[in-house]
$ cat protein.cif   # mmCIF, C-alpha atoms
data_data
#
loop_
_atom_site.label_atom_id
_atom_site.label_comp_id
_atom_site.auth_asym_id
_atom_site.auth_seq_id
_atom_site.Cartn_x
_atom_site.Cartn_y
_atom_site.Cartn_z
CA MET E 1 113.09 173.48 70.07
CA THR E 2 115.75 172.40 72.59
CA ALA E 3 118.13 175.15 73.74
CA ILE E 4 121.84 174.52 73.22
CA ASP E 5 123.92 174.40 76.38
CA PRO E 6 126.36 177.39 76.49
CA GLN E 7 129.37 175.08 76.83
CA GLU E 8 128.18 172.93 73.92
CA ARG E 9 127.61 176.08 71.87
CA GLN E 10 131.15 177.27 72.60
CA GLU E 11 132.55 173.90 71.59
CA LEU E 12 130.60 174.03 68.32
CA LEU E 13 131.86 177.54 67.60
CA SER E 14 135.39 176.39 68.37
CA ARG E 15 135.10 173.48 65.93
CA TYR E 16 133.63 175.73 63.26
CA ALA E 17 136.47 178.21 63.78
CA GLU E 18 139.07 175.45 63.45
CA ARG E 19 137.40 174.10 60.31
CA TYR E 20 137.19 177.59 58.82
CA ALA E 21 140.86 178.25 59.60
CA GLU E 22 141.79 174.97 57.88
CA ILE E 23 139.75 175.78 54.77
CA ALA E 24 141.10 179.34 54.66
CA SER E 25 144.65 178.01 54.94
CA LEU E 26 144.09 175.55 52.09
CA ALA E 27 142.48 178.23 49.93
CA GLY E 28 145.30 180.66 50.64
CA GLY E 29 147.88 177.99 49.82
CA LEU E 30 146.15 177.22 46.53
CA ALA E 31 146.08 180.91 45.62
CA HIS E 32 149.81 181.19 46.30
CA GLU E 33 150.48 178.10 44.18
CA ILE E 34 148.62 179.76 41.32
CA ARG E 35 150.42 183.06 41.86
CA ASN E 36 153.91 181.58 41.40
CA PRO E 37 153.49 180.29 37.82
CA LEU E 38 151.36 183.34 37.01
CA SER E 39 154.26 185.61 38.00
CA THR E 40 156.58 183.60 35.72
CA ILE E 41 154.10 183.90 32.84
CA SER E 42 153.76 187.65 33.40
CA MET E 43 157.52 188.14 33.48
CA ASN E 44 158.03 186.23 30.23
CA LEU E 45 155.21 188.11 28.56
CA GLU E 46 156.92 191.36 29.49
CA LEU E 47 160.17 190.15 27.91
CA LEU E 48 158.35 189.15 24.72
CA VAL E 49 156.64 192.53 24.55
CA GLU E 50 160.01 194.29 24.92
CA ASP E 51 161.36 192.26 21.99
CA LEU E 52 158.48 193.30 19.72
CA VAL E 53 157.80 196.90 20.76
CA GLY E 54 160.15 198.51 18.23
CA SER E 55 159.23 196.29 15.29
CA GLU E 56 157.38 197.73 12.27
CA ASP E 57 156.63 194.28 10.85
CA ALA E 58 152.87 193.70 10.50
CA ARG E 59 153.11 190.15 11.88
CA ASP E 60 155.04 191.38 14.91
CA ARG E 61 152.44 194.11 15.51
CA ARG E 62 149.66 191.52 15.48
CA MET E 63 151.62 189.37 17.92
CA LEU E 64 152.17 192.41 20.14
CA ASP E 65 148.42 193.11 20.26
CA LYS E 66 147.76 189.51 21.31
CA LEU E 67 150.47 189.68 23.98
CA HIS E 68 148.90 192.86 25.39
CA THR E 69 145.58 191.02 25.61
CA VAL E 70 147.19 188.14 27.51
CA GLN E 71 148.97 190.61 29.81
CA SER E 72 145.65 192.27 30.57
CA GLU E 73 144.07 188.92 31.46
CA CYS E 74 147.04 188.00 33.68
CA SER E 75 146.68 191.32 35.48
CA HIS E 76 142.97 190.63 35.97
CA LEU E 77 143.74 187.19 37.39
CA GLU E 78 146.29 188.69 39.80
CA THR E 79 143.64 191.14 41.00
CA ILE E 80 141.22 188.27 41.62
CA LEU E 81 143.89 186.34 43.53
CA ASP E 82 144.65 189.36 45.72
CA ALA E 83 140.95 189.81 46.48
CA PHE E 84 140.52 186.09 47.17
CA LEU E 85 143.44 186.01 49.61
CA GLN E 86 141.98 189.02 51.40
CA PHE E 87 138.60 187.28 51.53
CA ALA E 88 140.08 184.03 52.86
CA ARG E 89 142.12 185.70 55.61
CA VAL E 90 139.29 187.58 57.32
CA GLY E 91 138.49 184.81 59.81
CA THR E 92 141.26 185.47 62.35
CA LEU E 93 141.25 188.90 64.00
CA GLU E 94 143.61 190.63 66.42
CA LEU E 95 141.14 192.65 68.47
CA VAL E 96 142.19 195.88 70.17
CA PRO E 97 140.22 198.97 71.26
CA VAL E 98 139.56 201.01 68.10
CA ASN E 99 138.11 204.51 67.75
CA LEU E 100 136.46 204.66 64.33
CA ASN E 101 136.90 208.44 64.13
CA ASP E 102 140.67 208.04 64.49
CA LEU E 103 140.68 205.19 61.98
CA VAL E 104 138.66 207.17 59.40
CA THR E 105 140.82 210.29 59.86
CA SER E 106 144.04 208.31 59.44
CA PHE E 107 142.65 206.44 56.43
CA LEU E 108 141.55 209.64 54.70
CA ASP E 109 145.03 211.15 55.09
CA PHE E 110 146.24 208.20 53.02
CA TYR E 111 143.30 207.99 50.59
CA ARG E 112 142.71 211.68 49.80
CA PRO E 113 145.41 211.97 47.07
CA GLN E 114 143.77 209.05 45.20
CA ALA E 115 140.38 210.70 45.57
CA ASP E 116 141.74 214.02 44.31
CA ASP E 117 143.20 212.32 41.22
CA ALA E 118 139.79 210.75 40.52
CA GLY E 119 137.93 214.05 40.96
CA ILE E 120 136.19 212.83 44.12
CA GLU E 121 135.34 215.31 46.87
CA ILE E 122 135.50 213.73 50.34
CA SER E 123 133.12 215.01 53.01
CA PRO E 124 133.65 213.46 56.48
CA HIS E 125 131.04 213.91 59.23
CA LEU E 126 132.35 212.25 62.39
CA GLU E 127 130.34 212.29 65.61
CA PRO E 128 132.44 213.62 68.53
CA GLY E 129 133.02 211.44 71.57
CA LEU E 130 132.54 208.21 69.65
CA PRO E 131 132.87 205.13 71.92
CA GLU E 132 135.44 202.50 71.00
CA VAL E 133 134.79 199.12 69.42
CA ASP E 134 136.73 195.87 69.68
CA GLY E 135 138.33 195.64 66.26
CA ASP E 136 141.27 194.62 64.15
CA ASP E 137 142.61 198.00 62.99
CA ALA E 138 144.23 196.73 59.77
CA VAL E 139 141.19 194.67 58.78
CA LEU E 140 138.76 197.52 59.47
CA ARG E 141 140.98 199.82 57.40
CA GLN E 142 140.78 197.30 54.54
CA MET E 143 136.99 197.28 54.90
CA LEU E 144 136.94 201.06 54.53
CA MET E 145 139.27 200.89 51.53
CA ASN E 146 137.00 198.37 49.81
CA LEU E 147 133.96 200.59 50.39
CA CYS E 148 135.77 203.66 49.04
CA ARG E 149 137.03 201.75 46.00
CA ASN E 150 133.50 200.56 45.33
CA ALA E 151 132.25 204.15 45.59
CA ALA E 152 134.99 205.41 43.26
CA GLU E 153 134.07 202.79 40.65
CA ALA E 154 130.48 204.06 40.80
CA MET E 155 131.72 207.61 40.05
CA PRO E 156 134.08 207.22 37.06
CA GLN E 157 133.73 210.94 36.22
CA GLY E 158 134.25 212.03 39.82
CA GLY E 159 131.69 212.91 42.46
CA ARG E 160 131.10 213.27 46.19
CA LEU E 161 132.01 210.71 48.85
CA GLU E 162 130.56 211.22 52.31
CA ILE E 163 131.83 209.26 55.32
CA GLN E 164 129.91 209.44 58.57
CA THR E 165 130.20 207.96 62.05
CA ALA E 166 127.45 207.94 64.67
CA VAL E 167 126.32 206.22 67.86
CA GLU E 168 123.22 204.02 67.61
CA LEU E 169 122.30 202.70 71.09
CA ASP E 170 124.98 200.11 71.89
CA HIS E 171 126.49 200.18 68.40
CA VAL E 172 128.67 202.51 66.38
CA ALA E 173 127.71 203.17 62.77
CA LEU E 174 130.10 203.77 59.88
CA VAL E 175 128.30 205.15 56.82
CA VAL E 176 129.76 205.55 53.32
CA ILE E 177 127.65 207.45 50.76
CA ASP E 178 128.42 208.18 47.11
CA ASN E 179 126.46 210.04 44.45
CA GLY E 180 127.35 207.59 41.70
CA HIS E 181 125.23 205.63 39.26
CA GLY E 182 123.48 203.57 41.96
CA ILE E 183 122.46 199.91 42.05
CA ASP E 184 119.19 198.39 40.88
CA GLN E 185 117.18 196.00 43.05
CA ALA E 186 118.26 192.84 41.21
CA ALA E 187 121.95 193.68 41.73
CA ARG E 188 121.39 194.80 45.35
CA GLU E 189 120.16 191.32 46.19
CA LYS E 190 123.45 189.81 44.96
CA ILE E 191 126.16 192.38 45.76
CA PHE E 192 127.31 190.48 48.86
CA ASP E 193 127.50 187.15 47.00
CA ALA E 194 131.07 185.98 46.36
CA PHE E 195 132.24 186.52 42.76
CA PHE E 196 129.16 188.55 41.74
CA SER E 197 130.14 191.75 39.97
CA THR E 198 128.37 194.27 37.76
CA ARG E 199 131.72 195.09 36.09
CA PRO E 200 133.43 192.74 33.60
CA SER E 201 136.81 193.40 35.22
CA GLY E 202 135.59 193.14 38.83
CA SER E 203 136.70 190.34 41.14
CA GLY E 204 133.29 190.13 42.81
CA LEU E 205 134.95 189.87 46.23
CA GLY E 206 135.20 193.47 47.44
CA LEU E 207 131.76 193.80 49.02
CA PRO E 208 131.56 190.14 50.17
CA THR E 209 134.83 190.80 52.02
CA VAL E 210 133.35 193.94 53.59
CA ARG E 211 130.36 191.92 54.82
CA LYS E 212 132.63 189.17 56.10
CA ILE E 213 134.72 191.72 58.03
CA ALA E 214 131.59 193.29 59.56
CA GLN E 215 130.25 189.89 60.59
CA ALA E 216 133.63 188.82 62.00
CA HIS E 217 133.37 191.88 64.28
CA HIS E 218 129.81 190.82 65.29
CA GLY E 219 128.44 193.70 63.22
CA THR E 220 126.06 194.17 60.32
CA ILE E 221 126.06 195.81 56.89
CA SER E 222 123.17 197.22 54.87
CA CYS E 223 122.87 198.88 51.48
CA GLU E 224 120.43 201.52 50.25
CA SER E 225 120.59 202.46 46.57
CA GLU E 226 118.59 203.36 43.51
CA PRO E 227 119.78 203.75 39.91
CA GLY E 228 120.95 207.34 39.37
CA GLN E 229 120.55 208.19 43.08
CA GLY E 230 123.85 207.01 44.53
CA THR E 231 124.51 204.36 47.17
CA LYS E 232 124.68 204.27 50.97
CA PHE E 233 126.42 201.49 52.90
CA THR E 234 125.95 201.35 56.68
CA ILE E 235 128.19 199.22 58.91
CA THR E 236 127.23 198.80 62.57
CA LEU E 237 129.70 197.46 65.12
CA PRO E 238 129.00 196.75 68.81
CA VAL E 239 130.48 199.17 71.35
CA ARG E 240 133.06 197.69 73.73
CA SER E 241 131.25 196.47 76.85
CA ASP E 242 133.79 198.04 79.21
CA ASN E 243 133.97 201.33 77.30
CA PRO E 244 133.62 204.25 79.72
CA THR E 245 131.66 206.21 77.08
CA THR E 246 129.21 203.40 76.29
CA PRO E 247 125.66 204.82 76.26
CA SER E 248 123.51 203.65 79.15
#
$ encode --input "protein.cif" --output "structure tokens"
Amino acid sequence: MTAIDPQERQELLSRYAERYAEIASLAGGLAHEIRNPLSTISMNLELLVEDLVGSEDARDRRMLDKLHTVQSECSHLETILDAFLQFARVGTLELVPVNLNDLVTSFLDFYRPQADDAGIEISPHLEPGLPEVDGDDAVLRQMLMNLCRNAAEAMPQGGRLEIQTAVELDHVALVVIDNGHGIDQAAREKIFDAFFSTRPSGSGLGLPTVRKIAQAHHGTISCESEPGQGTKFTITLPVRSDNPTTPS
């Protein structure tokens, strides 16, 4: 097999990046075009519901039930559009030095009230002296949010959410563990496929977006899970090459 010249490889990557950016832009534009009429539909549905809410007429009550069903479907579609836009925008990153311990701590300050409301106990275990990674802070924060949302959905009655960081040779690991209902082998093989979901109301883009974010940062993601035993997601990201704390 003939090796690819480094310059040729860079040119190929550049072309792929340009093509991806073009496709992502088109997809994002299409999603926005769908969102505009959807917002108009949702607004008019709300007005119709307001007109019927106080009515005792049986026909009006039946119409109100149908309107609530349509509202629910519109809300579901809006959720899918939001997830799709997030998925499509991952390609372009603004890389800066990021300390995952600082990012996790800041995120948990924001997320803890939601966890408390859901009866979820958060247990962080962050390795001291963690070396920095090259990352997009906002995108990595979204990755962590998606993982925590996924964990919360697996623990509808509450549970325990453990978030760990650690150094693994020249990589930093971010680990999210829940004690929820777990994932069987058939589903584990598909959880990173776009639009696959084990929940009827799921967008099927949360975990594919997490994988896409990890890969965009030259990292990896793995999942360990068994039904009834909870789930563990591990993200590994390369340590910055010029980091003074990089392990030798």
$ closest_residue --input "protein.cif" --among "E:Val53, E:Ile177, E:Ile41, E:Ile221" --to "Met155 of chain E" --atoms "all atoms listed in the file"
E:Ile177
$ closest_residue --input "protein.cif" --among "E:Leu95, E:Leu144, E:Leu81, E:Leu67" --to "Phe110 of chain E" --atoms "only C-alpha atoms"
E:Leu144
$ atom_distance --input "protein.cif" --atom1 "atom CA of Glu94 of chain E" --atom2 "atom CA of Gly135 of chain E"
7.3 Å
$ closest_residue --input "protein.cif" --among "E:Asp178, E:Asp136, E:Glu168, E:Asp193" --to "Cys148 of chain E" --atoms "all atoms listed in the file"
E:Asp178
$ residues_near_point --input "protein.cif" --point "(124.9, 207.0, 48.6)" --cutoff "8 Å" --atoms "only C-alpha atoms" --output "PDB file with C-alpha atoms, keeping the file's coordinate frame"
ATOM      1  CA  GLU E 162     130.560 211.220  52.310  1.00  0.00           C
ATOM      2  CA  VAL E 176     129.760 205.550  53.320  1.00  0.00           C
ATOM      3  CA  ILE E 177     127.650 207.450  50.760  1.00  0.00           C
ATOM      4  CA  ASP E 178     128.420 208.180  47.110  1.00  0.00           C
ATOM      5  CA  ASN E 179     126.460 210.040  44.450  1.00  0.00           C
ATOM      6  CA  GLY E 180     127.350 207.590  41.700  1.00  0.00           C
ATOM      7  CA  GLY E 182     123.480 203.570  41.960  1.00  0.00           C
ATOM      8  CA  GLU E 224     120.430 201.520  50.250  1.00  0.00           C
ATOM      9  CA  SER E 225     120.590 202.460  46.570  1.00  0.00           C
ATOM     10  CA  GLN E 229     120.550 208.190  43.080  1.00  0.00           C
ATOM     11  CA  GLY E 230     123.850 207.010  44.530  1.00  0.00           C
ATOM     12  CA  THR E 231     124.510 204.360  47.170  1.00  0.00           C
ATOM     13  CA  LYS E 232     124.680 204.270  50.970  1.00  0.00           C
ATOM     14  CA  PHE E 233     126.420 201.490  52.900  1.00  0.00           C
TER      15      PHE E 233
END
$ closest_residue --input "protein.cif" --among "E:Asp60, E:Glu73, E:Leu130, E:Ala138" --to "Leu38 of chain E" --atoms "all atoms listed in the file"
E:Glu73
$ closest_residue --input "protein.cif" --among "E:Val239, E:Ala166, E:Val49, E:Ala154" --to "His181 of chain E" --atoms "all atoms listed in the file"
E:Ala154
$ closest_residue --input "protein.cif" --among "E:Leu174, E:Val104, E:Leu64, E:Leu140" --to "Ser222 of chain E" --atoms "all atoms listed in the file"
E:Leu174
$ atom_distance --input "protein.cif" --atom1 "atom CA of Ser72 of chain E" --atom2 "atom CA of Leu45 of chain E"
10.6 Å
$ atom_distance --input "protein.cif" --atom1 "atom CA of Asp137 of chain E" --atom2 "atom CA of Ala152 of chain E"
22.4 Å
$ build_atoms --input "protein.cif" --residues "segment 46-58 of chain E" --atoms "N, CA, C and O atoms" --output "PDB file, keeping the file's coordinate frame"
ATOM      1  N   GLU E  46     156.287 190.044  29.529  1.00  0.00           N
ATOM      2  CA  GLU E  46     156.920 191.360  29.490  1.00  0.00           C
ATOM      3  C   GLU E  46     158.179 191.344  28.628  1.00  0.00           C
ATOM      4  O   GLU E  46     158.429 192.273  27.852  1.00  0.00           O
ATOM      5  N   LEU E  47     158.958 190.268  28.725  1.00  0.00           N
ATOM      6  CA  LEU E  47     160.170 190.150  27.910  1.00  0.00           C
ATOM      7  C   LEU E  47     159.827 190.039  26.426  1.00  0.00           C
ATOM      8  O   LEU E  47     160.501 190.642  25.569  1.00  0.00           O
ATOM      9  N   LEU E  48     158.781 189.278  26.112  1.00  0.00           N
ATOM     10  CA  LEU E  48     158.350 189.150  24.720  1.00  0.00           C
ATOM     11  C   LEU E  48     157.861 190.485  24.163  1.00  0.00           C
ATOM     12  O   LEU E  48     158.157 190.838  23.015  1.00  0.00           O
ATOM     13  N   VAL E  49     157.128 191.217  24.981  1.00  0.00           N
ATOM     14  CA  VAL E  49     156.640 192.530  24.550  1.00  0.00           C
ATOM     15  C   VAL E  49     157.814 193.460  24.261  1.00  0.00           C
ATOM     16  O   VAL E  49     157.828 194.189  23.257  1.00  0.00           O
ATOM     17  N   GLU E  50     158.831 193.442  25.135  1.00  0.00           N
ATOM     18  CA  GLU E  50     160.010 194.290  24.920  1.00  0.00           C
ATOM     19  C   GLU E  50     160.709 193.959  23.600  1.00  0.00           C
ATOM     20  O   GLU E  50     161.208 194.853  22.911  1.00  0.00           O
ATOM     21  N   ASP E  51     160.717 192.668  23.243  1.00  0.00           N
ATOM     22  CA  ASP E  51     161.360 192.260  21.990  1.00  0.00           C
ATOM     23  C   ASP E  51     160.612 192.769  20.766  1.00  0.00           C
ATOM     24  O   ASP E  51     161.211 192.976  19.703  1.00  0.00           O
ATOM     25  N   LEU E  52     159.307 192.965  20.888  1.00  0.00           N
ATOM     26  CA  LEU E  52     158.480 193.300  19.720  1.00  0.00           C
ATOM     27  C   LEU E  52     158.101 194.777  19.632  1.00  0.00           C
ATOM     28  O   LEU E  52     157.617 195.223  18.584  1.00  0.00           O
ATOM     29  N   VAL E  53     158.294 195.522  20.708  1.00  0.00           N
ATOM     30  CA  VAL E  53     157.800 196.900  20.760  1.00  0.00           C
ATOM     31  C   VAL E  53     158.320 197.754  19.601  1.00  0.00           C
ATOM     32  O   VAL E  53     157.575 198.519  18.991  1.00  0.00           O
ATOM     33  N   GLY E  54     159.591 197.631  19.262  1.00  0.00           N
ATOM     34  CA  GLY E  54     160.150 198.510  18.230  1.00  0.00           C
ATOM     35  C   GLY E  54     159.953 198.033  16.801  1.00  0.00           C
ATOM     36  O   GLY E  54     160.327 198.735  15.850  1.00  0.00           O
ATOM     37  N   SER E  55     159.360 196.869  16.628  1.00  0.00           N
ATOM     38  CA  SER E  55     159.230 196.290  15.290  1.00  0.00           C
ATOM     39  C   SER E  55     158.122 196.976  14.487  1.00  0.00           C
ATOM     40  O   SER E  55     157.063 197.293  15.011  1.00  0.00           O
ATOM     41  N   GLU E  56     158.380 197.171  13.185  1.00  0.00           N
ATOM     42  CA  GLU E  56     157.380 197.730  12.270  1.00  0.00           C
ATOM     43  C   GLU E  56     156.734 196.633  11.422  1.00  0.00           C
ATOM     44  O   GLU E  56     155.853 196.915  10.604  1.00  0.00           O
ATOM     45  N   ASP E  57     157.171 195.390  11.621  1.00  0.00           N
ATOM     46  CA  ASP E  57     156.630 194.280  10.850  1.00  0.00           C
ATOM     47  C   ASP E  57     155.164 194.036  11.245  1.00  0.00           C
ATOM     48  O   ASP E  57     154.821 194.002  12.430  1.00  0.00           O
ATOM     49  N   ALA E  58     154.301 193.849  10.238  1.00  0.00           N
ATOM     50  CA  ALA E  58     152.870 193.700  10.500  1.00  0.00           C
ATOM     51  C   ALA E  58     152.579 192.462  11.365  1.00  0.00           C
ATOM     52  O   ALA E  58     151.721 192.492  12.255  1.00  0.00           O
TER      53      ALA E  58
END
